[in-house]
There are 2 protein chains.
Amino acid sequence: MEPVNDQSGHPGRPEPLRRHAGLSADSARNSSDAIATSLAERVLSGEVAAGDRLPSERHLAMEFGASRPMVREALRSLTERGLISVERGRGAFVLNATGPRRFQPLDLEYRRRGTTARQLSETRLMLETEASALAAARADDDDLAVLKAAVERLESSATPLDRVRNDLAFHAALVAASHNPVIETMFASIQALTVELMVRSAGDPEIVRKSEPYHRAAYEAIRDREPIAARAAIASHLSIAASTYGD
Amino acid sequence: MEPVNDQSGHPGRPEPLRRHAGLSADSARNSSDAIATSLAERVLSGEVAAGDRLPSERHLAMEFGASRPMVREALRSLTERGLISVERGRGAFVLNATGPRRFQPLDLEYRRRGTTARQLSETRLMLETEASALAAARADDDDLAVLKAAVERLESSATPLDRVRNDLAFHAALVAASHNPVIETMFASIQALTVELMVRSAGDPEIVRKSEPYHRAAYEAIRDREPIAARAAIASHLSIAASTYGD
DNA sequence: CTGGTCATACCGGTCTGACCACCGCTGGAT
DNA sequence: ATCCAGCGGTGGTCAGACCGGTATGACCAG
């Protein structure tokens, strides 16, 4: 219902800024921040579910009384935060909360701070021993089935690349079985770095051969509800590769 | 005064796309992604140092043969990733690699997945026991001085809010003393959630009283290079609050 | 009735060229 | 020497346009 008179450039923007709900503490200084915050709340509150399509950019621009570039910046923020995915010609879609995301921000941070292979191994050891112990206590039938399948796929890996892929899948399944979303997310955040480490290890037959049995051992310990054994199996497994690279 | 050149859109854009270095595996599908990648590499490679100002948006637009909106989207990405900070009227500045950042993306992820107090406590226990053991092996004089100061400030906290602030500072110092950037970053990523947990604990005098001595104990164990004692002190400390909240 | 083709409406991707508000510096007035 | 007005640079925002993908339904051939 804009009269569209006075077309001398900016028609005086009737709505200065979207006064956002104001419930959260973050004060949006930009209009695009305000839009991003508003949309993020809409996603987090479940008002729009995973898989849903957001209104089009033009639509949102109208709704917020802003321009498309501002809406696009807001969408870019949400994309970067992993909440949505924008597809050309189709629209912006809300991502599943548990999807395998990249966590670029953390990855960048790790790289910026010059993380070494040793430090990464240390972290994996911590994360995965704890996860395996928790998994031994909490894994349900589904987890065990996934884990078992992962072990078998890993053991029958053909190429080194295949091995890396399956290895990663196994460890991801292990962490998922811990039923601790924080640990799971943290593990996901080092995934890119972990892959690089695995690629180096996969090229060494010695490491591969010695690490091999521990995967199954870990699975069986979790299945048999033996946290200590599970922890030990993972610790042994990860220590092999770690000790090979003195630093 | 309109030349009525009937601008039929794009006059032929001489430079189709910035062919980015191509070293990294990520294929940029958008021009703004390409710009973001290029700028990120510039930051990560140290070509522009922390504190430096990036060229202005107009300048970058010319350099990349793109428009300002595209450059702005790229800068928005970098902002979201925590690499730069854009200040109105001044420019975009490269942030320090170690600055206390918010890690909103991960925080969002944790909340989306419905993290419970118990799961968070679990994670802290894992993270901090490991960090304290590492700190006992690696802390240098600076770390110890910071840690000691933190303990003393914590013990003389006046208000509950003060206590929370100092408690957080102590634990951050502890984690920093581990000299493992991955663990440190992970701890930072749960900071917002941790504060919420601490606020609840700080309201309970019983918890405060019982937790109190462990801070100093942890510090002394680290100072005396006793990883096991350090681990035990932190574990005891964190277990108190955790056990109080059955779930 | 089925299957493929094509027009079309919609959508994100991008450009242009403005105007505004804010920051910092500088030069003139006091 | 001090102070402040002014100016140039910078980010913040807008409107409107064109491009090239993506569906969807109408239409025609088999």
# chains A, B, ... in the order shown; residues from 1 in each chain; ligands from 1
call {"tool": "select_by_dssp", "arguments": {"residues": "range 5-236 of chain A", "states": "alpha helix (DSSP H)", "output": "ChimeraX atom specification"}}
result
/A:31-44,57-64,68-80,104-112,117-138,141-155,160-176,181-189,191-202,205-223,227-236
call {"tool": "interface_residues", "arguments": {"of": "chain C", "to": "chain B", "cutoff": "8 Å", "atoms": "only C-alpha atoms (C1' of nucleotides)", "output": "PDB file with N, CA and C atoms (P, O5', C5', C4', C3', O3' and C1' of nucleotides), in the first residue's frame"}}
result
ATOM      1  P    DG C  13      21.800 -16.921  -4.693  1.00  0.00           P
ATOM      2  O5'  DG C  13      21.973 -16.196  -6.116  1.00  0.00           O
ATOM      3  C5'  DG C  13      22.627 -16.900  -7.172  1.00  0.00           C
ATOM      4  C4'  DG C  13      23.357 -15.917  -8.070  1.00  0.00           C
ATOM      5  C3'  DG C  13      24.301 -14.968  -7.317  1.00  0.00           C
ATOM      6  O3'  DG C  13      25.504 -14.833  -8.060  1.00  0.00           O
ATOM      7  C1'  DG C  13      22.731 -13.717  -8.537  1.00  0.00           C
ATOM      8  P    DT C  14      26.655 -13.863  -7.536  1.00  0.00           P
ATOM      9  O5'  DT C  14      26.331 -12.508  -8.274  1.00  0.00           O
ATOM     10  C5'  DT C  14      26.408 -12.455  -9.690  1.00  0.00           C
ATOM     11  C4'  DT C  14      26.032 -11.083 -10.168  1.00  0.00           C
ATOM     12  C3'  DT C  14      26.791  -9.931  -9.486  1.00  0.00           C
ATOM     13  O3'  DT C  14      27.779  -9.470 -10.376  1.00  0.00           O
ATOM     14  C1'  DT C  14      24.480  -9.440  -9.887  1.00  0.00           C
ATOM     15  P    DC C  15      28.605  -8.174  -9.991  1.00  0.00           P
ATOM     16  O5'  DC C  15      27.700  -7.046 -10.650  1.00  0.00           O
ATOM     17  C5'  DC C  15      27.413  -7.115 -12.031  1.00  0.00           C
ATOM     18  C4'  DC C  15      26.699  -5.854 -12.464  1.00  0.00           C
ATOM     19  C3'  DC C  15      27.378  -4.570 -11.990  1.00  0.00           C
ATOM     20  O3'  DC C  15      27.672  -3.763 -13.102  1.00  0.00           O
ATOM     21  C1'  DC C  15      25.051  -4.578 -11.416  1.00  0.00           C
ATOM     22  P    DC C  22      24.316   9.023  12.673  1.00  0.00           P
ATOM     23  O5'  DC C  22      25.866   8.671  12.719  1.00  0.00           O
ATOM     24  C5'  DC C  22      26.273   7.322  12.460  1.00  0.00           C
ATOM     25  C4'  DC C  22      27.721   7.331  12.068  1.00  0.00           C
ATOM     26  C3'  DC C  22      28.649   8.080  13.035  1.00  0.00           C
ATOM     27  O3'  DC C  22      29.544   7.124  13.601  1.00  0.00           O
ATOM     28  C1'  DC C  22      29.158   8.562  10.755  1.00  0.00           C
ATOM     29  P    DC C  23      30.526   7.571  14.788  1.00  0.00           P
ATOM     30  O5'  DC C  23      31.925   7.755  14.044  1.00  0.00           O
ATOM     31  C5'  DC C  23      32.451   6.675  13.296  1.00  0.00           C
ATOM     32  C4'  DC C  23      33.759   7.105  12.646  1.00  0.00           C
ATOM     33  C3'  DC C  23      34.710   7.869  13.570  1.00  0.00           C
ATOM     34  O3'  DC C  23      35.955   7.193  13.566  1.00  0.00           O
ATOM     35  C1'  DC C  23      34.362   9.061  11.532  1.00  0.00           C
TER      36       DC C  23
END
call {"tool": "calpha_fit_rmsd", "arguments": {"fixed": "chain A", "moving": "chain B"}}
result
2.5 Å
call {"tool": "interface_residues", "arguments": {"of": "chain D", "to": "chain B", "cutoff": "8 Å", "atoms": "only C-alpha atoms (C1' of nucleotides)", "output": "PyMOL selection string"}}
result
chain D and resi 9-12+17-18
call {"tool": "write_last_selection", "arguments": {"atoms": "C-alpha atoms (C1' of nucleotides)", "output": "tab-separated table (two decimals), in the first residue's frame"}}
result
chain	number	residue	atom	x	y	z
D	9	DG	C1'	36.33	8.89	2.93
D	10	DT	C1'	33.73	4.88	4.62
D	11	DG	C1'	30.10	1.87	5.71
D	12	DG	C1'	24.69	1.47	5.51
D	17	DA	C1'	16.89	-3.46	-13.54
D	18	DC	C1'	18.81	-7.69	-16.21
call {"tool": "residues_around", "arguments": {"residues": "DG27 in chain C", "least_positions_apart": "6", "cutoff": "12 Å", "atoms": "only C-alpha atoms (C1' of nucleotides)", "output": "MDAnalysis selection string"}}
result
chainID D and resid 3:7
call {"tool": "interface_residues", "arguments": {"of": "chain A", "to": "chain B", "cutoff": "6 Å", "atoms": "only C-alpha atoms", "output": "list in words"}}
result
Glu73, Arg81, Pro105, Gln119 and Asn180 of chain A
call {"tool": "select_by_dssp", "arguments": {"residues": "range 2-247 of chain B", "states": "strand (DSSP E or B)", "output": "ChimeraX atom specification"}}
result
/B:53,84-87,91-94
call {"tool": "atom_distance", "arguments": {"atom1": "CA of Lys210 in chain B", "atom2": "CA of Leu147 in chain B"}}
result
20.0 Å
call {"tool": "residues_around", "arguments": {"residues": "range 27-30 of chain D", "least_positions_apart": "5", "cutoff": "9 Å", "atoms": "only C-alpha atoms (C1' of nucleotides)", "output": "PyMOL selection string"}}
result
chain C and resi 2-6
call {"tool": "residues_around", "arguments": {"residues": "Ala169 in chain A", "least_positions_apart": "4", "cutoff": "7 Å", "atoms": "only C-alpha atoms (C1' of nucleotides)", "output": "PyMOL selection string"}}
result
chain A and resi 150+165+173
call {"tool": "atom_distance", "arguments": {"atom1": "CA of Ser178 in chain A", "atom2": "CA of Glu226 in chain A"}}
result
13.3 Å
